[in-house]
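**Q** If it helps, the file is called run_20.txt and holds compact mmCIF, C-alpha atoms:
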```txt
# COMPACT_ATOMS: atom_id res chain seq x y z
CA SER A 1 20.51 -62.26 149.75
CA ASN A 2 19.28 -59.01 151.32
CA PRO A 3 20.89 -58.32 154.72
CA ILE A 4 18.96 -57.23 157.81
CA PHE A 5 19.96 -53.83 159.21
CA PRO A 6 18.33 -51.11 161.41
CA GLN A 7 17.24 -48.93 158.48
CA ILE A 8 15.83 -51.84 156.48
CA TYR A 9 12.68 -49.85 155.69
CA SER A 10 13.63 -46.18 155.99
CA ARG A 11 16.68 -46.42 153.70
CA PRO A 12 14.96 -48.04 150.66
CA ALA A 13 11.77 -46.04 151.34
CA THR A 14 13.77 -42.81 151.05
CA GLY A 15 15.24 -43.95 147.74
CA ALA A 16 11.85 -45.06 146.44
CA GLY A 17 10.35 -41.73 147.51
CA GLY A 18 13.01 -39.89 145.54
CA VAL A 19 12.26 -41.96 142.43
CA MET A 20 8.51 -41.29 142.80
CA LEU A 21 9.15 -37.53 143.17
CA ALA A 22 11.46 -37.55 140.15
CA ALA A 23 8.85 -39.34 138.05
CA SER A 24 6.20 -36.82 139.08
CA LEU A 25 8.45 -33.85 138.21
CA LEU A 26 9.42 -35.32 134.85
CA ALA A 27 5.78 -35.94 133.97
CA GLN A 28 5.19 -32.17 134.29
CA ALA A 29 8.29 -31.16 132.30
CA ASP A 30 8.79 -30.91 128.56
CA THR A 31 12.15 -32.69 128.72
CA GLY A 32 15.02 -33.38 131.07
CA ALA A 33 16.56 -35.94 133.38
CA ILE A 34 16.77 -36.34 137.15
CA HIS A 35 19.41 -38.29 139.01
CA VAL A 36 18.31 -39.95 142.25
CA PRO A 37 21.44 -41.23 144.05
CA GLY A 38 19.44 -43.30 146.51
CA GLY A 39 17.31 -45.00 143.89
CA GLY A 40 17.94 -47.95 141.63
CA THR A 41 20.02 -49.94 144.10
CA HIS A 42 19.06 -53.25 142.54
CA HIS A 43 20.65 -56.53 141.61
CA GLY A 44 20.68 -55.53 137.95
CA LEU A 45 23.44 -56.86 135.73
CA PRO A 46 25.03 -55.08 132.75
CA ASP A 47 23.23 -57.22 130.18
CA ARG A 48 20.01 -58.32 131.89
CA ALA A 49 17.58 -57.68 134.71
CA ASN A 50 18.13 -59.64 137.89
CA GLY A 51 15.38 -58.79 140.36
CA PHE A 52 15.18 -55.92 142.79
CA CYS A 53 16.31 -55.12 146.31
CA TYR A 54 13.92 -54.23 149.17
CA LEU A 55 11.51 -51.98 147.26
CA ASN A 56 10.90 -52.00 143.52
CA ASP A 57 11.21 -48.24 143.04
CA PRO A 58 11.09 -48.29 139.19
CA VAL A 59 7.57 -49.70 139.41
CA LEU A 60 6.63 -47.25 142.17
CA GLY A 61 7.88 -44.46 139.92
CA ILE A 62 5.33 -45.27 137.21
CA LEU A 63 2.49 -46.23 139.54
CA THR A 64 0.64 -43.46 141.36
CA LEU A 65 -1.77 -44.24 144.18
CA ARG A 66 -4.10 -41.87 146.03
CA ALA A 67 -6.24 -42.57 149.07
CA ALA A 68 -8.36 -40.53 151.46
CA GLY A 69 -10.85 -41.26 154.19
CA ALA A 70 -13.01 -39.46 156.72
CA PHE A 71 -15.08 -40.43 159.72
CA ALA A 72 -17.73 -38.19 161.27
CA ASP A 73 -20.11 -38.76 164.15
CA GLY A 74 -22.15 -35.59 163.85
CA LYS A 75 -25.29 -35.43 165.99
CA TYR A 76 -27.58 -32.76 167.37
CA ALA A 77 -26.18 -31.93 170.81
CA SER A 78 -29.43 -30.28 171.87
CA TYR A 79 -32.50 -29.85 169.66
CA PRO A 80 -35.55 -30.43 171.90
CA SER A 81 -37.97 -28.47 169.71
CA GLY A 82 -37.04 -29.61 166.24
CA PRO A 83 -39.27 -30.34 163.26
CA CYS A 84 -40.95 -33.72 163.15
CA PRO A 85 -40.42 -36.36 160.46
CA ILE A 86 -43.21 -36.69 157.97
CA GLU A 87 -44.33 -40.05 159.39
CA LEU A 88 -45.28 -38.32 162.68
CA ASN A 89 -47.57 -35.78 161.01
CA PRO A 90 -49.47 -33.85 162.42
CA THR A 91 -47.10 -33.62 165.42
CA VAL A 92 -45.53 -30.15 165.36
CA GLN A 93 -42.38 -30.47 167.45
CA CYS A 94 -40.04 -33.39 168.13
CA ASN A 95 -36.92 -33.87 170.20
CA LEU A 96 -34.07 -34.47 167.74
CA THR A 97 -31.31 -34.43 170.36
CA GLY A 98 -28.84 -37.18 169.57
CA LYS A 99 -30.11 -37.65 166.01
CA GLY A 100 -27.62 -37.65 163.14
CA LEU A 101 -27.02 -34.47 161.16
CA PRO A 102 -28.46 -34.31 157.63
CA GLY A 103 -26.12 -34.70 154.67
CA LEU A 104 -23.23 -36.00 156.80
CA PRO A 105 -22.07 -39.58 156.12
CA ARG A 106 -20.59 -41.47 159.03
CA TRP A 107 -17.68 -42.46 156.83
CA SER A 108 -16.42 -41.71 153.34
CA ALA A 109 -13.38 -42.92 151.45
CA SER A 110 -11.71 -42.69 148.08
CA LEU A 111 -8.98 -44.70 146.39
CA GLY A 112 -7.38 -44.07 143.03
CA GLY A 113 -4.37 -45.00 141.00
CA GLU A 114 -2.60 -44.42 137.73
CA TYR A 115 -0.20 -46.61 135.81
CA ALA A 116 1.89 -44.88 133.15
CA ALA A 117 4.61 -46.18 130.88
CA ALA A 118 6.69 -44.78 128.04
CA LEU A 119 5.03 -45.44 124.71
CA ALA A 120 6.00 -44.28 121.22
CA LEU A 121 2.93 -43.62 119.08
CA CYS A 122 3.31 -42.77 115.39
CA GLY A 123 6.86 -41.61 116.03
CA LEU A 124 5.86 -39.42 119.00
CA ALA A 125 7.53 -39.88 122.38
CA GLY A 126 4.97 -39.97 125.15
CA GLN A 127 3.27 -41.99 127.83
CA GLY A 128 0.29 -44.30 127.78
CA PHE A 129 -1.69 -44.33 131.01
CA VAL A 130 -4.57 -46.09 132.72
CA ARG A 131 -6.34 -44.36 135.58
CA ALA A 132 -9.12 -45.51 137.91
CA ASP A 133 -10.67 -44.26 141.11
CA VAL A 134 -13.46 -45.31 143.44
CA SER A 135 -15.30 -43.21 146.01
CA ALA A 136 -17.73 -44.55 148.58
CA ARG A 137 -19.74 -43.26 151.51
CA SER A 138 -22.19 -44.52 154.09
CA GLY A 139 -25.86 -43.58 154.18
CA ILE A 140 -27.07 -40.11 155.18
CA TYR A 141 -30.23 -38.39 156.30
CA GLY A 142 -31.72 -36.37 153.47
CA ASP A 143 -33.38 -33.77 155.72
CA ALA A 144 -33.08 -32.35 159.22
CA THR A 145 -35.90 -34.40 160.73
CA GLY A 146 -34.21 -37.80 160.42
CA SER A 147 -37.25 -39.27 158.68
CA ALA A 148 -37.01 -42.92 157.69
CA TYR A 149 -38.36 -41.90 154.28
CA THR A 150 -35.49 -39.52 153.56
CA VAL A 151 -32.57 -41.83 154.35
CA ILE A 152 -30.21 -42.06 151.38
CA PRO A 153 -28.40 -45.44 151.38
CA GLY A 154 -24.65 -45.54 150.96
CA TYR A 155 -23.12 -46.14 147.55
CA ALA A 156 -19.82 -46.41 145.67
CA LEU A 157 -18.85 -44.92 142.31
CA VAL A 158 -16.06 -46.05 139.99
CA ASN A 159 -14.53 -43.86 137.29
CA ALA A 160 -11.83 -44.86 134.82
CA SER A 161 -9.87 -43.48 131.89
CA LEU A 162 -7.39 -44.66 129.28
CA GLY A 163 -5.18 -42.25 127.40
CA TYR A 164 -1.95 -41.02 125.91
CA ARG A 165 0.05 -37.89 126.69
CA THR A 166 3.03 -36.04 125.31
CA ALA A 167 4.82 -32.88 126.42
CA GLY A 168 2.31 -30.72 124.53
CA TRP A 169 -1.02 -32.54 124.73
CA ASP A 170 -2.92 -35.50 126.09
CA VAL A 171 -6.04 -37.34 125.01
CA ALA A 172 -8.12 -39.74 127.09
CA LEU A 173 -11.22 -41.88 126.86
CA PHE A 174 -13.09 -41.66 130.16
CA VAL A 175 -16.02 -43.47 131.75
CA ARG A 176 -17.87 -42.03 134.74
CA ASN A 177 -20.00 -44.30 136.92
CA LEU A 178 -18.39 -47.29 135.23
CA PHE A 179 -20.76 -49.88 136.69
CA ASN A 180 -23.86 -47.71 136.23
CA ALA A 181 -24.65 -47.60 139.96
CA ASN A 182 -28.12 -46.41 140.95
CA TYR A 183 -28.26 -44.02 143.89
CA LEU A 184 -30.02 -40.88 145.12
CA GLN A 185 -28.19 -37.57 145.23
CA ASN A 186 -30.67 -35.87 147.55
CA VAL A 187 -34.14 -36.31 149.02
CA THR A 188 -36.40 -33.55 150.34
CA VAL A 189 -39.85 -33.34 151.88
CA GLN A 190 -42.02 -30.71 150.24
CA ALA A 191 -43.45 -27.96 152.45
CA GLY A 192 -47.02 -28.11 153.69
CA ASN A 193 -47.00 -31.71 155.00
CA SER A 194 -48.57 -32.87 151.75
CA GLY A 195 -46.72 -36.17 151.94
CA LEU A 196 -44.76 -35.41 148.77
CA ILE A 197 -41.10 -36.51 148.88
CA VAL A 198 -38.85 -35.53 145.98
CA GLY A 199 -35.48 -37.08 145.13
CA THR A 200 -32.78 -36.48 142.54
CA PRO A 201 -31.64 -39.73 140.89
CA SER A 202 -28.08 -40.63 140.03
CA ASP A 203 -26.28 -39.75 136.83
CA PRO A 204 -26.10 -42.79 134.51
CA ARG A 205 -22.89 -44.19 133.07
CA MET A 206 -21.30 -41.57 130.85
CA MET A 207 -18.46 -41.97 128.36
CA GLY A 208 -16.51 -39.33 126.52
CA VAL A 209 -13.17 -38.11 125.21
CA THR A 210 -11.04 -35.28 126.54
CA LEU A 211 -8.27 -33.43 124.72
CA ARG A 212 -5.93 -31.07 126.57
CA ILE A 213 -3.35 -28.90 124.86
CA ARG A 214 -0.56 -27.26 126.87
CA GLN A 215 1.17 -24.11 125.70
```
What is this structure when it is put down as structure tokens?

**A**
Amino acid sequence: SNPIFPQIYSRPATGAGGVMLAASLLAQADTGAIHVPGGGTHHGLPDRANGFCYLNDPVLGILTLRAAGAFADGKYASYPSGPCPIELNPTVQCNLTGKGLPGLPRWSASLGGEYAAALALCGLAGQGFVRADVSARSGIYGDATGSAYTVIPGYALVNASLGYRTAGWDVALFVRNLFNANYLQNVTVQAGNSGLIVGTPSDPRMMGVTLRIRQ
């Protein structure tokens, strides 16, 4: 029942964008109302719901998504007299030209979202919300030499929270490293070519409660 027309995406997308902006502004305000003329153009009837048009902007208004990504191909352009990896000891100098830079993942990405809905709790008007995010990255070199013993494999972390907020405060139960992933934060070769390699392990799963009060 939806007609085809030249602005079949841009027109409803503009309305949905207005609804999403209005929802974001209202979430930061103590009270108020925002009218979005381009939003809510649905097949709703006076006494019952009846589906939606091209985009379901009411759902988009209570669902927040975030995404980011990066790609890097960092290499030594010219490093003919660089330090040697520990496995080539006692060689003093090595040509690291073309080797990857330490601490720089080839790719990294993050994705997160929040679903919030009006919820009355003990007579208080507020919102219940569920939030989750995941961040991932590819492997990196732990030191400048590109040693095979200092490569940190890629990993992904998931965090989540469940909470309730009002105009004056919000409380949330959070979990960091939800799936208790094991990874290395950094790896270094100790000075003196002693063969000692030191790494910092990951933080384990952690749970807690946060309470924020707004004046």

**Q** Under the rule of at most 10 Å, produce a per-residue listing of segment 16-92 of chain A near segment 117-127 of chain A: chain, number, name, the closest pair of atoms, and the distance in Å, as CSV, using only C-alpha atoms.

**A**
```
residue,atom,partner,partner_atom,distance
A:Ala27,CA,A:Gln127,CA,9.0
A:Val59,CA,A:Ala117,CA,9.7
A:Gly61,CA,A:Ala117,CA,9.8
A:Ile62,CA,A:Ala117,CA,6.4
A:Leu63,CA,A:Ala117,CA,8.9
```

**Q** Check the smallest atom-to-atom distance from each of A:Ile86, A:Leu211, A:Leu111, A:Ala181 to Leu196 of chain A using all atoms listed in the file, then report the winner.

**A** A:Ile86

**Q** Here's a test: counting all atoms listed in the file, identify every protein, DNA and RNA residue with an atom at most 8 Å from (8.6, -48.4, 149.2) in the file's coordinate frame, and state them as a ChimeraX atom specification.

**A** /A:9,12-14,16-17,54-57,60

**Q** Do you have the atom CA of Tyr183 of chain A-atom CA of Pro153 of chain A distance handy?

**A**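 Computing it gives 7.6 Å between the two atoms.
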
**Q** Pick from A:Leu157, A:Val175, A:Ala148, A:Met206: nearest to Val187 of chain A, with all atoms listed in the file counted?

**A** A:Ala148

**Q** Which is closest to Val134 of chain A among A:Trp107, A:Trp169, A:Phe179, A:Tyr164, if we use all atoms listed in the file?

**A**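 Looking only at the distances to Val134 of chain A, the closest residue turns out to be A:Phe179.
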
**Q** If you count all atoms listed in the file, which residues fall within 10 Å of Thr200 of chain A, apart from same-chain ones fewer than 3 positions away, as a PyMOL selection string?

**A** chain A and resi 183-188+203

**Q** Put those residues in a file: C-alpha atoms, as a PDB file, in the frame of the given file.

**A**
```pdb
ATOM      1  CA  TYR A 183     -28.260 -44.020 143.890  1.00  0.00           C
ATOM      2  CA  LEU A 184     -30.020 -40.880 145.120  1.00  0.00           C
ATOM      3  CA  GLN A 185     -28.190 -37.570 145.230  1.00  0.00           C
ATOM      4  CA  ASN A 186     -30.670 -35.870 147.550  1.00  0.00           C
ATOM      5  CA  VAL A 187     -34.140 -36.310 149.020  1.00  0.00           C
ATOM      6  CA  THR A 188     -36.400 -33.550 150.340  1.00  0.00           C
ATOM      7  CA  ASP A 203     -26.280 -39.750 136.830  1.00  0.00           C
TER       8      ASP A 203
END
```

**Q** Find the residues around Gly142 of chain A up to 9 Å (all atoms listed in the file counted), leave out those fewer than 5 positions away in its own chain, and share them as a ChimeraX atom specification.

**A** /A:102-103,147,149-152,186-189

**Q** A:Ala77, A:Leu65, A:Ala144, A:Val130: which is nearest Leu104 of chain A, counting all atoms listed in the file?

**A**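 Selected residue with least distance to Leu104 of chain A: A:Ala144.
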
**Q** Report the distance between atom CA of Val171 of chain A and atom CA of Thr210 of chain A in Å, rounded to one decimal place.

**A** 5.6 Å

**Q** What is the atom CA of Ala136 of chain A-atom CA of Ala109 of chain A distance in Å, reported with one decimal?

**A**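 Spanning atom CA of Ala136 of chain A to atom CA of Ala109 of chain A is a straight-line distance of 5.5 Å.
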
**Q** Would you mind listing what lies within 12 Å of Thr91 of chain A as a list of chain:residue names, with all atoms listed in the file counted and same-chain residues fewer than 5 positions away left out?

**A**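 Near neighbours after the sequence-gap exclusion: A:Ser81, A:Gly82, A:Pro83, A:Cys84, A:Pro85, A:Ile86, A:Asn193.
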
**Q** Using only C-alpha atoms, which of the listed residues (A:Cys53, A:Pro201, A:Gln215, A:Asp143) sits closest to Ile8 of chain A?

**A** A:Cys53

**Q** Mind checking which residues fall within 7 Å of Thr97 of chain A, counting all atoms listed in the file, ignoring those fewer than 2 positions away in the same chain, and posting them as a list in words?

**A**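 Using all atoms listed in the file, the neighbours found are Tyr76, Ala77, Ser78, Tyr79, Pro80, Asn95 and Lys99 of chain A.
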
**Q** Between A:Val19, A:Ala67, A:Leu96, A:Ile213, single out the one closest to Thr145 of chain A, counting only C-alpha atoms.

**A**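 Residue with the minimum atom-to-atom distance to Thr145 of chain A: A:Leu96.
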